[in-house]
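Student: File run-v7.txt below, compact mmCIF, C-alpha atoms and all ligand atoms:
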```
# COMPACT_ATOMS: atom_id res chain seq x y z
CA LEU A 57 -161.03 96.93 105.91
CA LEU A 58 -158.54 99.62 106.69
CA PHE A 59 -155.27 98.27 108.06
CA ASP A 60 -152.80 100.56 109.78
CA LEU A 61 -149.22 99.87 110.74
CA ASN A 62 -149.21 102.04 113.87
CA ASN A 63 -145.47 102.28 114.25
CA PHE A 64 -144.73 103.28 110.66
CA ASP A 65 -143.84 106.87 111.64
CA GLU A 66 -141.78 105.66 114.55
CA VAL A 67 -139.75 103.34 112.33
CA ASN A 68 -139.42 106.13 109.79
CA ASP A 69 -138.17 108.63 112.40
CA HIS A 70 -135.87 106.18 114.04
CA PHE A 71 -134.37 104.11 111.27
CA GLY A 72 -135.03 106.22 108.19
CA ARG A 73 -137.18 106.08 105.11
CA ALA A 74 -135.45 103.10 103.49
CA MET A 75 -136.06 100.92 106.50
CA ALA A 76 -139.69 102.05 106.80
CA ASP A 77 -140.29 101.31 103.12
CA ALA A 78 -138.65 97.90 103.42
CA LEU A 79 -140.96 97.16 106.35
CA LEU A 80 -143.99 98.23 104.30
CA VAL A 81 -143.01 95.83 101.52
CA GLU A 82 -142.88 92.96 104.00
CA VAL A 83 -146.15 94.00 105.61
CA ALA A 84 -147.80 94.16 102.19
CA ALA A 85 -146.51 90.66 101.39
CA ARG A 86 -148.01 89.23 104.57
CA LEU A 87 -151.23 91.12 103.92
CA ARG A 88 -151.52 89.68 100.43
CA LYS A 89 -150.95 86.15 101.71
CA SER A 90 -153.68 86.38 104.33
CA THR A 91 -156.20 88.11 102.07
CA ARG A 92 -156.11 85.83 99.04
CA GLU A 93 -159.91 85.61 98.83
CA CYS A 94 -160.28 89.41 98.85
CA ASP A 95 -161.04 91.57 95.86
CA GLY A 96 -158.23 94.01 96.19
CA ILE A 97 -155.65 95.69 98.33
CA ALA A 98 -154.19 99.15 98.01
CA ARG A 99 -151.63 101.15 99.91
CA LEU A 100 -152.99 104.51 101.07
CA GLU A 101 -150.85 107.01 102.97
CA GLY A 102 -148.35 106.30 105.74
CA GLY A 103 -148.73 102.75 107.00
CA GLU A 104 -152.33 102.40 105.82
CA PHE A 105 -153.68 99.74 103.49
CA ALA A 106 -157.25 99.42 102.24
CA ILE A 107 -158.51 95.89 101.72
CA ILE A 108 -161.73 95.22 99.85
CA ALA A 109 -163.37 91.92 100.75
CA ALA A 110 -165.66 89.87 98.51
CA ARG A 111 -169.24 91.06 98.27
CA ASP A 112 -170.96 88.09 99.89
CA ILE A 113 -168.75 87.75 102.96
CA ARG A 114 -170.52 87.76 106.37
CA PRO A 115 -169.53 90.14 109.21
CA ASP A 116 -168.26 87.26 111.38
CA GLN A 117 -166.09 86.08 108.49
CA ILE A 118 -164.71 89.60 108.14
CA ARG A 119 -163.90 89.67 111.82
CA SER A 120 -161.99 86.40 111.62
CA LEU A 121 -160.20 87.66 108.53
CA ALA A 122 -159.17 90.77 110.46
CA LYS A 123 -158.03 88.63 113.41
CA GLN A 124 -156.00 86.50 111.07
CA ILE A 125 -154.32 89.59 109.62
CA ILE A 126 -153.47 90.88 113.09
CA ASP A 127 -152.07 87.45 113.97
CA VAL A 128 -149.77 87.14 110.97
CA MET A 129 -148.35 90.57 111.83
CA ARG A 130 -147.35 89.44 115.33
CA ALA A 131 -144.17 87.66 114.29
CA PRO A 132 -141.25 90.10 114.14
CA PHE A 133 -140.08 91.41 110.78
CA LEU A 134 -136.43 90.96 109.99
CA ILE A 135 -135.35 94.10 108.16
CA GLU A 136 -131.68 94.78 107.44
CA GLY A 137 -130.67 92.56 110.32
CA ARG A 138 -133.04 94.19 112.78
CA GLU A 139 -136.05 92.63 114.40
CA ILE A 140 -139.00 94.97 114.13
CA TYR A 141 -142.30 94.31 115.79
CA CYS A 142 -145.36 95.60 114.02
CA ARG A 143 -148.25 97.18 115.88
CA ALA A 144 -151.38 97.13 113.78
CA SER A 145 -155.05 98.12 114.00
CA ILE A 146 -157.95 97.44 111.69
CA GLY A 147 -161.15 99.37 111.03
CA ILE A 148 -164.05 97.77 109.18
CA ALA A 149 -167.06 99.24 107.36
CA LEU A 150 -169.78 97.23 105.65
CA ALA A 151 -171.73 97.84 102.47
CA PRO A 152 -174.59 98.45 102.17
CA THR A 153 -175.20 98.97 105.94
CA ASP A 154 -172.67 101.79 106.39
CA GLY A 155 -172.93 103.27 102.93
CA LEU A 156 -173.02 102.46 99.27
CA ASP A 157 -170.54 104.73 97.58
CA ALA A 158 -166.81 104.49 98.00
CA ASN A 159 -166.42 107.91 99.61
CA GLN A 160 -168.97 107.24 102.30
CA LEU A 161 -167.46 103.83 103.05
CA LEU A 162 -163.96 105.25 103.21
CA ARG A 163 -165.09 107.87 105.69
CA CYS A 164 -166.74 105.20 107.87
CA VAL A 165 -163.81 102.82 107.74
CA ASP A 166 -161.48 105.68 108.60
CA THR A 167 -163.56 106.55 111.66
CA ALA A 168 -163.59 102.88 112.68
CA LEU A 169 -159.82 102.69 112.30
CA TYR A 170 -159.37 105.83 114.36
CA ARG A 171 -161.33 104.25 117.18
CA ALA A 172 -159.40 101.00 116.85
CA LYS A 173 -156.16 102.95 117.22
CA THR A 174 -157.31 104.75 120.34
CA ARG A 175 -158.12 101.37 121.85
CA GLY A 176 -154.52 100.25 121.48
CA ALA A 177 -152.51 97.94 119.28
CA SER A 178 -154.04 94.82 117.75
CA SER A 179 -157.61 96.02 118.03
CA ILE A 180 -160.31 95.60 115.44
CA GLN A 181 -163.31 97.92 115.21
CA PHE A 182 -166.45 97.83 113.12
CA PHE A 183 -167.89 101.20 112.20
CA SER A 184 -170.96 102.24 114.15
CA ALA A 185 -173.10 105.35 113.94
CA ASN A 186 -171.96 106.24 117.48
CA ASP A 187 -168.47 106.52 116.09
CA ASP A 188 -169.76 109.14 113.75
CA GLU A 189 -170.94 111.20 116.71
CA ALA A 190 -167.63 110.68 118.44
CA ALA A 191 -165.80 111.76 115.30
CA ALA A 192 -167.98 114.86 115.00
CA ARG A 193 -167.23 115.77 118.62
CA ARG A 194 -163.55 115.26 118.05
CA HIS A 195 -163.56 117.49 115.00
CA ALA A 196 -165.40 120.18 116.93
CA LEU A 197 -162.92 119.94 119.81
CA GLU A 198 -159.98 120.03 117.44
CA ARG A 199 -161.34 123.17 115.80
CA ASP A 200 -162.22 124.94 119.07
CA LEU A 201 -159.09 124.02 120.98
CA ALA A 202 -157.07 126.13 118.57
CA SER A 203 -158.74 129.28 119.87
CA ALA A 204 -159.43 128.15 123.45
CA LEU A 205 -156.33 129.80 124.84
CA ALA A 206 -157.02 133.14 123.15
CA ASN A 207 -160.65 132.97 124.31
CA ASP A 208 -159.72 132.44 127.97
CA GLN A 209 -161.37 129.03 128.11
CA LEU A 210 -158.35 127.29 129.60
CA TRP A 211 -157.45 127.51 133.25
CA LEU A 212 -155.32 125.66 135.76
CA ALA A 213 -156.63 123.76 138.75
CA PHE A 214 -154.17 123.09 141.55
CA GLN A 215 -154.09 119.90 143.62
CA PRO A 216 -152.11 119.79 146.87
CA PHE A 217 -149.32 117.45 147.97
CA LEU A 218 -149.10 116.53 151.64
CA ASN A 219 -145.67 116.00 153.16
CA LEU A 220 -146.04 112.94 155.40
CA GLY A 221 -143.06 113.88 157.57
CA SER A 222 -144.19 117.37 158.55
CA ASP A 223 -147.90 116.78 157.91
CA ARG A 224 -148.02 120.03 155.97
CA ILE A 225 -149.02 120.90 152.43
CA CYS A 226 -145.75 121.20 150.53
CA GLY A 227 -146.90 122.07 147.02
CA PHE A 228 -149.47 121.84 144.27
CA GLU A 229 -149.76 120.15 140.90
CA ALA A 230 -151.12 122.27 138.07
CA LEU A 231 -153.83 120.46 136.09
CA LEU A 232 -155.25 121.87 132.88
CA ARG A 233 -158.97 122.54 132.60
CA TRP A 234 -160.99 123.47 129.53
CA GLN A 235 -164.37 125.10 129.91
CA HIS A 236 -165.94 124.84 126.48
CA PRO A 237 -168.65 127.47 125.81
CA THR A 238 -171.28 124.97 124.64
CA LEU A 239 -169.95 121.50 125.53
CA GLY A 240 -169.04 122.35 129.13
CA ALA A 241 -165.98 121.03 130.95
CA ILE A 242 -163.90 118.79 128.66
CA PRO A 243 -161.76 116.27 130.57
CA PRO A 244 -157.99 116.57 130.03
CA ALA A 245 -157.88 112.90 129.09
CA GLU A 246 -159.96 113.90 126.08
CA PHE A 247 -158.41 117.20 124.99
CA ILE A 248 -154.74 116.67 125.81
CA PRO A 249 -154.31 113.88 123.24
CA ILE A 250 -155.94 116.22 120.70
CA ALA A 251 -153.56 119.00 121.71
CA GLU A 252 -150.65 116.60 121.29
CA GLU A 253 -151.71 115.37 117.88
CA THR A 254 -152.36 118.84 116.53
CA GLY A 255 -149.22 120.40 117.99
CA LEU A 256 -151.33 122.84 120.01
CA ILE A 257 -149.76 121.35 123.14
CA HIS A 258 -146.67 123.51 122.62
CA GLY A 259 -148.50 126.79 123.02
CA ILE A 260 -150.84 125.46 125.67
CA GLY A 261 -148.00 123.82 127.60
CA HIS A 262 -145.98 127.00 127.54
CA TRP A 263 -148.97 128.95 128.83
CA ALA A 264 -149.54 126.36 131.57
CA ALA A 265 -145.92 126.49 132.73
CA LYS A 266 -145.91 130.29 132.76
CA THR A 267 -149.24 130.53 134.56
CA ALA A 268 -148.17 127.93 137.11
CA CYS A 269 -144.90 129.78 137.82
CA LEU A 270 -146.71 133.11 138.17
CA ALA A 271 -149.17 131.52 140.59
CA ALA A 272 -146.48 129.82 142.66
CA ALA A 273 -144.55 133.07 142.99
CA GLN A 274 -147.57 134.42 144.92
CA TRP A 275 -147.88 131.47 147.28
CA PRO A 276 -146.85 131.58 150.92
CA ARG A 277 -143.79 129.64 152.11
CA ASP A 278 -141.69 127.55 149.83
CA LEU A 279 -144.51 125.67 148.19
CA ARG A 280 -143.51 123.66 145.11
CA VAL A 281 -145.43 123.76 141.85
CA SER A 282 -145.53 120.72 139.58
CA VAL A 283 -146.28 120.96 135.88
CA ASN A 284 -147.13 118.05 133.57
CA LEU A 285 -145.18 117.73 130.33
CA SER A 286 -146.16 115.41 127.54
CA ALA A 287 -143.78 113.41 125.40
CA VAL A 288 -144.40 115.69 122.42
CA GLN A 289 -143.27 118.72 124.42
CA LEU A 290 -140.03 117.08 125.49
CA LYS A 291 -139.03 116.73 121.84
CA ASP A 292 -139.33 120.51 121.44
CA LYS A 293 -135.97 122.25 121.56
CA ALA A 294 -137.58 125.55 122.59
CA LEU A 295 -139.16 124.04 125.71
CA LEU A 296 -136.22 124.57 128.02
CA ASP A 297 -135.84 128.23 127.04
CA GLY A 298 -139.57 128.71 127.41
CA ILE A 299 -139.49 127.34 130.94
CA ALA A 300 -136.42 129.36 131.88
CA MET A 301 -138.23 132.47 130.63
CA ALA A 302 -141.38 131.60 132.54
CA LEU A 303 -139.32 131.23 135.74
CA ALA A 304 -137.58 134.54 135.16
CA GLU A 305 -140.78 136.41 134.36
CA ALA A 306 -142.44 135.05 137.47
CA GLY A 307 -139.36 135.57 139.62
CA LEU A 308 -139.72 132.00 140.84
CA GLU A 309 -136.71 130.09 142.11
CA PRO A 310 -136.12 127.12 139.76
CA ARG A 311 -135.95 124.65 142.66
CA ARG A 312 -139.60 125.38 143.40
CA LEU A 313 -140.63 124.10 139.97
CA GLU A 314 -140.98 120.40 139.28
CA VAL A 315 -141.87 118.82 135.95
CA GLU A 316 -143.79 115.55 135.76
CA ILE A 317 -143.08 113.25 132.87
CA THR A 318 -144.42 109.78 132.10
CA GLU A 319 -142.58 106.70 130.97
CA SER A 320 -143.83 106.91 127.40
CA VAL A 321 -141.35 109.75 126.94
CA LEU A 322 -138.50 107.47 127.83
CA ILE A 323 -139.50 104.53 125.70
CA SER A 324 -139.40 106.40 122.42
CA ASP A 325 -136.08 108.15 122.93
CA PHE A 326 -134.22 107.18 126.07
CA GLU A 327 -130.86 108.81 125.28
CA GLY A 328 -132.51 112.03 124.19
CA ALA A 329 -134.56 112.07 127.37
CA ILE A 330 -131.49 111.57 129.56
CA SER A 331 -129.64 114.53 128.10
CA LEU A 332 -132.73 116.70 128.27
CA LEU A 333 -133.36 115.80 131.89
CA GLN A 334 -129.75 116.54 132.69
CA SER A 335 -130.19 120.03 131.35
CA TRP A 336 -133.22 120.41 133.60
CA SER A 337 -131.27 119.45 136.68
CA PHE A 338 -128.59 121.90 135.55
CA LEU A 339 -131.25 124.60 135.88
CA SER A 340 -132.11 123.07 139.30
CA ILE A 341 -135.62 122.19 138.18
CA THR A 342 -136.55 118.80 139.62
CA VAL A 343 -138.07 115.96 137.63
CA ALA A 344 -140.75 113.52 138.76
CA LEU A 345 -141.63 110.30 136.96
CA ASP A 346 -145.44 110.25 136.87
CA ASP A 347 -147.85 107.29 136.91
CA PHE A 348 -145.06 104.90 137.80
CA GLY A 349 -146.06 101.30 137.32
CA THR A 350 -148.64 101.77 134.59
CA GLY A 351 -146.50 101.51 131.51
CA LEU A 352 -143.46 99.49 130.72
CA SER A 353 -141.73 100.81 133.82
CA SER A 354 -138.17 99.76 133.92
CA LEU A 355 -135.86 99.90 136.89
CA THR A 356 -133.22 101.12 134.47
CA TYR A 357 -135.05 104.44 134.37
CA LEU A 358 -134.61 104.87 138.09
CA ARG A 359 -130.91 104.14 137.92
CA LYS A 360 -130.00 106.15 134.84
CA LEU A 361 -132.19 109.22 135.04
CA PRO A 362 -131.62 112.30 137.17
CA LEU A 363 -134.98 111.88 138.88
CA SER A 364 -135.96 113.53 142.14
CA ARG A 365 -139.29 111.88 142.55
CA LEU A 366 -141.39 108.93 141.58
CA LYS A 367 -145.15 109.12 141.66
CA ILE A 368 -146.74 105.77 142.35
CA ASP A 369 -149.82 105.43 140.19
CA ARG A 370 -153.27 105.63 141.69
CA SER A 371 -154.08 102.04 140.68
CA PHE A 372 -151.52 100.71 143.19
CA VAL A 373 -152.77 102.93 145.98
CA GLN A 374 -156.32 101.85 145.27
CA ASP A 375 -155.56 98.14 145.65
CA MET A 376 -152.74 98.04 148.19
CA LEU A 377 -154.98 97.46 151.22
CA THR A 378 -156.87 94.57 149.67
CA ASP A 379 -154.14 92.99 147.56
CA ALA A 380 -151.01 91.79 149.33
CA ASP A 381 -148.98 91.69 146.11
CA CYS A 382 -149.89 95.27 145.42
CA ALA A 383 -148.83 96.28 148.93
CA ALA A 384 -145.53 94.48 148.43
CA ILE A 385 -144.92 96.42 145.21
CA VAL A 386 -145.65 99.73 146.93
CA ARG A 387 -143.35 98.91 149.87
CA SER A 388 -140.49 97.72 147.66
CA LEU A 389 -140.80 100.67 145.31
CA ILE A 390 -140.49 103.07 148.21
CA GLU A 391 -137.50 101.20 149.59
CA LEU A 392 -135.80 100.99 146.22
CA ALA A 393 -136.42 104.66 145.43
CA HIS A 394 -134.99 105.70 148.78
CA GLU A 395 -131.85 103.63 148.17
CA LEU A 396 -131.44 105.66 144.99
CA ARG A 397 -132.15 108.96 146.82
CA ILE A 398 -135.45 109.40 145.02
CA LYS A 399 -138.50 110.68 146.92
CA VAL A 400 -141.87 108.99 146.56
CA THR A 401 -145.31 110.54 146.17
CA ALA A 402 -148.36 108.31 146.22
CA GLU A 403 -151.22 109.59 144.06
CA GLY A 404 -154.94 108.94 144.30
CA VAL A 405 -155.11 108.68 148.09
CA GLU A 406 -158.81 108.63 148.96
CA THR A 407 -159.10 107.09 152.44
CA PRO A 408 -157.50 107.68 155.87
CA GLU A 409 -156.53 103.97 155.93
CA GLN A 410 -154.52 104.38 152.73
CA LEU A 411 -152.82 107.45 154.15
CA ASP A 412 -151.98 105.59 157.37
CA TYR A 413 -150.48 102.71 155.47
CA LEU A 414 -148.36 105.03 153.31
CA ARG A 415 -147.08 106.79 156.42
CA ARG A 416 -146.14 103.47 158.00
CA VAL A 417 -144.18 102.29 154.97
CA GLY A 418 -142.22 105.54 154.75
CA CYS A 419 -143.78 107.21 151.72
CA ASP A 420 -142.68 110.86 151.50
CA GLU A 421 -145.75 112.58 150.12
CA ALA A 422 -149.38 111.87 149.36
CA GLN A 423 -151.79 113.37 146.87
CA GLY A 424 -155.46 112.58 146.29
CA TYR A 425 -159.02 113.54 147.01
CA LEU A 426 -158.53 112.83 150.74
CA ILE A 427 -155.91 115.57 150.93
CA GLY A 428 -157.55 117.87 148.43
CA LYS A 429 -159.24 117.89 145.05
CA PRO A 430 -157.89 120.09 142.27
CA ILE A 431 -159.13 123.62 143.06
CA ARG A 432 -159.20 127.07 141.51
CA ILE A 433 -156.08 129.09 142.06
CA ASP A 434 -157.74 131.92 144.02
CA ASP A 435 -158.74 129.39 146.67
CA ILE A 436 -155.20 128.50 147.68
CA HIS A 437 -154.60 131.49 149.91
CA GLY A 438 -156.22 130.99 153.26
CA THR A 439 -157.06 127.32 152.76
CA ALA A 440 -154.91 124.23 152.74
CA ALA A 441 -151.61 126.01 152.32
CA GLU A 442 -151.72 128.09 155.47
P1 LIG A 501 -152.10 112.90 136.19
O1 LIG A 501 -150.91 113.76 136.00
O2 LIG A 501 -151.86 111.50 136.65
O3 LIG A 501 -153.04 113.71 137.18
C1 LIG A 501 -153.77 113.13 138.21
C2 LIG A 501 -155.20 112.94 137.81
O4 LIG A 501 -155.87 112.18 138.81
C3 LIG A 501 -155.97 114.25 137.71
O5 LIG A 501 -156.98 114.06 136.72
C4 LIG A 501 -156.61 114.36 139.09
O6 LIG A 501 -157.76 115.16 139.10
C5 LIG A 501 -156.94 112.91 139.38
N1 LIG A 501 -156.95 112.63 140.81
C6 LIG A 501 -156.24 113.24 141.77
N2 LIG A 501 -156.49 112.71 142.98
C7 LIG A 501 -157.39 111.72 142.77
C8 LIG A 501 -158.05 110.79 143.67
O7 LIG A 501 -157.85 110.75 144.89
N3 LIG A 501 -158.92 109.92 143.11
C9 LIG A 501 -159.18 109.91 141.76
N4 LIG A 501 -160.07 109.03 141.30
N5 LIG A 501 -158.57 110.77 140.90
C10 LIG A 501 -157.68 111.67 141.40
P2 LIG A 501 -157.16 115.09 135.55
O8 LIG A 501 -157.06 116.47 136.08
O9 LIG A 501 -158.40 114.66 134.84
O10 LIG A 501 -155.91 114.88 134.63
C11 LIG A 501 -155.77 113.75 133.84
C12 LIG A 501 -154.42 113.73 133.18
O11 LIG A 501 -154.31 114.77 132.20
C13 LIG A 501 -153.25 113.97 134.13
O12 LIG A 501 -152.97 112.82 134.84
C14 LIG A 501 -152.17 114.37 133.15
O13 LIG A 501 -151.59 113.23 132.57
C15 LIG A 501 -152.94 115.11 132.07
N6 LIG A 501 -152.74 116.55 132.28
C16 LIG A 501 -153.40 117.39 133.11
N7 LIG A 501 -152.91 118.64 133.01
C17 LIG A 501 -151.91 118.61 132.10
C18 LIG A 501 -151.00 119.60 131.55
O14 LIG A 501 -150.98 120.77 131.92
N8 LIG A 501 -150.12 119.16 130.60
C19 LIG A 501 -150.07 117.88 130.18
N9 LIG A 501 -149.19 117.54 129.26
N10 LIG A 501 -150.89 116.92 130.69
C20 LIG A 501 -151.80 117.28 131.63
CA CA A 502 -149.17 114.45 136.91
CA CA A 503 -150.06 111.01 137.89
CA CA A 504 -152.09 108.37 137.37
```
How does this structure look as structure tokens?

Tutor:
Amino acid sequence: LLFDLNNFDEVNDHFGRAMADALLVEVAARLRKSTRECDGIARLEGGEFAIIAARDIRPDQIRSLAKQIIDVMRAPFLIEGREIYCRASIGIALAPTDGLDANQLLRCVDTALYRAKTRGASSIQFFSANDDEAAARRHALERDLASALANDQLWLAFQPFLNLGSDRICGFEALLRWQHPTLGAIPPAEFIPIAEETGLIHGIGHWAAKTACLAAAQWPRDLRVSVNLSAVQLKDKALLDGIAMALAEAGLEPRRLEVEITESVLISDFEGAISLLQSWSFLSITVALDDFGTGLSSLTYLRKLPLSRLKIDRSFVQDMLTDADCAAIVRSLIELAHELRIKVTAEGVETPEQLDYLRRVGCDEAQGYLIGKPIRIDDIHGTAAE
């Protein structure tokens, strides 16, 4: 079994090495207690521990052992007077099914752990040969993404926003696309996490912002352009300068640029995010909170952040006509946002009925396949925008 304390780096960054090490000691103690029948336990790197179970243990017994480990980690750790919650994942490989030598098994268990982590905290994954394929694809993508920008494989699609007051298109969101030479179109949900983990997101994000500004400068009227920023980018001190340069190069007025951020940014470093967002508004770039309602959305965000817009997540729009609770959430969010002088965009609008409803409850803008799918930049002139 490969156990990983997912928030080891976070604790390390936030509270320092001593605190992270103290947490590891406690984690190891709980691990030892719940793995008494096992053959051995060893700390690997970061928050990872390898646990070797007895030779004659059955897979279902291993699963319950893993469950038990996850369970004992649920109680908070009290470290230097602080309560720290541990998020853990476990990968499992079996001998002789998955391999016989230690190296092979380690590779399998590592792949299994990787998949457990992508499935979220507290998950347990057995290795399977499919994982191996997935890992191979990931390695290939990781390798090729590094040169994708230089090889002109990345491009931006633009998806329109409809202003519900004027019934006109009022802007476009830039969405990254990767056309891989042999694997075809790779979805952003697959390659953006890779870009974030490898740090490639900085270069790619800068390119996206610049390209979006250059495009918007060519558009008719005062159309807005929205650019997505990931949490990793917001931690980059050079980001603001990069954006200011992109605006200047394109000759685009800052108020026509909006950045979309998600809540995950705010959870990890709220104070840092506030001061960063304030510097954005100083530049008169507006900020939208994306996918609102999907994460640990807090109303505090709405009150404390210099936000111009809230984007209600597609999942709410999808269910609001069939689920009264969902409709109530959409209505109240719009009302609340307006009280705080924040505009509301509903995303994922696919039917005329949904659009009607959003109009009736006073939503400001709508986005979704009904209004327009993400399209190539050359198509904007002469279509929706005019
Ligand atoms: P997002 O920002 O929430 O973008 C909206 C996603 O929903 C897009 O998927 C869009 O194609 C899709 N969508 C729009 N309207 C509809 C609809 O009516 N129905 C349905 N079913 N889907 C709709 P896409 O392009 O695959 O992007 C996925 C995510 O990737 C984005 O979610 C965003 O988080 C991220 N992303 C895309 N471009 C960038 C970028 O340049 N930088 C960063 N950091 N993230 C990006
Ligand atoms: Ca977005
Ligand atoms: Ca969104
Ligand atoms: Ca969304």

Student: Do you know which residues are at most 9 Å from Lys360 in chain A counting only C-alpha atoms, after dropping those on the same chain fewer than 4 positions away, and could you put them as a list of chain:residue names?

Tutor: A:Ile330, A:Leu355, A:Thr356

Student: Once you have the residues from the selection above, write them out as a PDB file, in the frame of the given file, restricted to C-alpha atoms.

Tutor:
```
ATOM      1  CA  ILE A 330    -131.490 111.570 129.560  1.00  0.00           C
ATOM      2  CA  LEU A 355    -135.860  99.900 136.890  1.00  0.00           C
ATOM      3  CA  THR A 356    -133.220 101.120 134.470  1.00  0.00           C
TER       4      THR A 356
END
```

Student: If you count all atoms listed in the file, which residues end up within 8 Å of ligand CA 502 (chain A), as a VMD selection string?

Tutor: chain A and resid 229 231 282 to 284 316 to 317 346 to 347

Student: What are the closest atom pairs, with distances in Å to one decimal, for all residues of chain A lying within 9 Å of ligand LIG 501 (chain A)? Consider all atoms listed in the file, order rows by chain and residue number, and present the result as a tab-separated table.

Tutor:
```
residue	atom	partner	partner_atom	distance
A:Leu212	CA	A:LIG501	O14	7.6
A:Ala213	CA	A:LIG501	O8	7.8
A:Gln215	CA	A:LIG501	C6	7.2
A:Glu229	CA	A:LIG501	O3	8.1
A:Ala230	CA	A:LIG501	O14	6.3
A:Leu231	CA	A:LIG501	N7	3.7
A:Leu232	CA	A:LIG501	N7	4.0
A:Arg233	CA	A:LIG501	N7	7.2
A:Pro243	CA	A:LIG501	O9	5.7
A:Pro244	CA	A:LIG501	O11	4.6
A:Ala245	CA	A:LIG501	O11	5.1
A:Glu246	CA	A:LIG501	O11	8.4
A:Phe247	CA	A:LIG501	O11	8.6
A:Ile248	CA	A:LIG501	N10	6.2
A:Pro249	CA	A:LIG501	N9	8.7
A:Ala251	CA	A:LIG501	N9	8.8
A:Glu252	CA	A:LIG501	N9	8.2
A:Ile257	CA	A:LIG501	N9	7.2
A:Ile260	CA	A:LIG501	O14	7.8
A:Gly261	CA	A:LIG501	N8	5.9
A:Trp263	CA	A:LIG501	O14	9.0
A:Ala264	CA	A:LIG501	O14	5.8
A:Ala265	CA	A:LIG501	O14	7.7
A:Val283	CA	A:LIG501	O14	6.1
A:Asn284	CA	A:LIG501	N8	4.4
A:Leu285	CA	A:LIG501	N9	4.2
A:Ser286	CA	A:LIG501	N9	4.1
A:Ala287	CA	A:LIG501	N9	7.8
A:Val288	CA	A:LIG501	N9	8.6
A:Gln289	CA	A:LIG501	N9	7.7
A:Glu316	CA	A:LIG501	O1	7.3
A:Ile317	CA	A:LIG501	N9	8.3
A:Thr318	CA	A:LIG501	O13	8.0
A:Asp346	CA	A:LIG501	O2	6.5
A:Asp347	CA	A:LIG501	O2	5.8
A:Lys367	CA	A:LIG501	O2	8.7
A:Asp369	CA	A:LIG501	O2	7.3
A:Arg370	CA	A:LIG501	N3	7.2
A:Gln374	CA	A:LIG501	N3	8.7
A:Glu403	CA	A:LIG501	N2	6.2
A:Gly404	CA	A:LIG501	O7	3.5
A:Val405	CA	A:LIG501	O7	4.7
A:Glu406	CA	A:LIG501	O7	4.7
A:Thr407	CA	A:LIG501	O7	8.5
A:Gln423	CA	A:LIG501	N2	6.1
A:Gly424	CA	A:LIG501	O7	3.3
A:Tyr425	CA	A:LIG501	O7	3.7
A:Leu426	CA	A:LIG501	O7	6.2
A:Ile427	CA	A:LIG501	O7	8.0
A:Gly428	CA	A:LIG501	N2	7.6
A:Lys429	CA	A:LIG501	N2	6.2
A:Pro430	CA	A:LIG501	O6	5.9
```

Student: Skipping near chain neighbours, those fewer than 5 positions away, what residues fall within 12 Å of Ser184 in chain A using all atoms listed in the file, listed as a list in words?

Tutor: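 The residues that qualify are Gly147, Ile148, Ala149, Leu150, Thr153, Asp154, Gly155, Leu161, Arg163, Cys164, Val165, Asp166, Thr167, Ala168, Leu169, Arg171, Ala172, Glu189, Ala190 and Ala191 of chain A.
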
Student: Given only C-alpha atoms as the basis, pick out the residue of A:Lys291, A:Arg92, A:Arg114, A:His70 nearest to Ala329 in chain A.

Tutor: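 Distance minimum relative to Ala329 in chain A lands on A:Lys291.
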
Student: I'd like the contact shell of Leu210 in chain A - 7 Å cut-off, all atoms listed in the file, skipping same-chain residues fewer than 2 positions apart - returned as an MDAnalysis selection string.

Tutor: chainID A and resid 204:205 208 233:235

Student: Take the residues that were just selected and, keeping C-alpha atoms, output them as an mmCIF file, in the coordinates of the input.

Tutor:
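Saved the output as again_18.cif:
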```
data_model
loop_
_atom_site.group_PDB
_atom_site.id
_atom_site.type_symbol
_atom_site.label_atom_id
_atom_site.label_comp_id
_atom_site.auth_asym_id
_atom_site.auth_seq_id
_atom_site.Cartn_x
_atom_site.Cartn_y
_atom_site.Cartn_z
ATOM 1 C CA ALA A 204 -159.430 128.150 123.450
ATOM 2 C CA LEU A 205 -156.330 129.800 124.840
ATOM 3 C CA ASP A 208 -159.720 132.440 127.970
ATOM 4 C CA ARG A 233 -158.970 122.540 132.600
ATOM 5 C CA TRP A 234 -160.990 123.470 129.530
ATOM 6 C CA GLN A 235 -164.370 125.100 129.910
#
```

Student: Work out how far CA of Cys382 in chain A is from CA of Thr350 in chain A, in Å to one decimal.

Tutor: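 Going from CA of Thr350 in chain A over to CA of Cys382 in chain A covers 12.7 Å.
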
Student: Could you check which of A:Leu361, A:Ala158, A:Leu308, A:Ala98 is closest to Thr267 in chain A, using only C-alpha atoms?

Tutor: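 Counting only C-alpha atoms, the residue closest to Thr267 in chain A is A:Leu308.
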
Student: Under the rule that only C-alpha atoms are counted, which of A:Tyr170, A:Arg73, A:Val128, A:Glu421 is the nearest residue to Arg194 in chain A?

Tutor: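 Between A:Tyr170, A:Arg73, A:Val128, A:Glu421, the residue approaching Arg194 in chain A most closely is A:Tyr170.
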
Student: Would you kindly return, as a JSON list (two decimals) with C-alpha atoms, in the frame of the given file, each protein, DNA or RNA residue with an atom no farther than 7 Å from any atom of Ser178 in chain A, considering only C-alpha atoms and excluding same-chain residues fewer than 2 positions away?

Tutor:
```json
[["chain", "number", "residue", "atom", "x", "y", "z"],
["A", 126, "ILE", "CA", -153.47, 90.88, 113.09],
["A", 143, "ARG", "CA", -148.25, 97.18, 115.88],
["A", 144, "ALA", "CA", -151.38, 97.13, 113.78],
["A", 145, "SER", "CA", -155.05, 98.12, 114.00],
["A", 176, "GLY", "CA", -154.52, 100.25, 121.48],
["A", 180, "ILE", "CA", -160.31, 95.60, 115.44]]
```
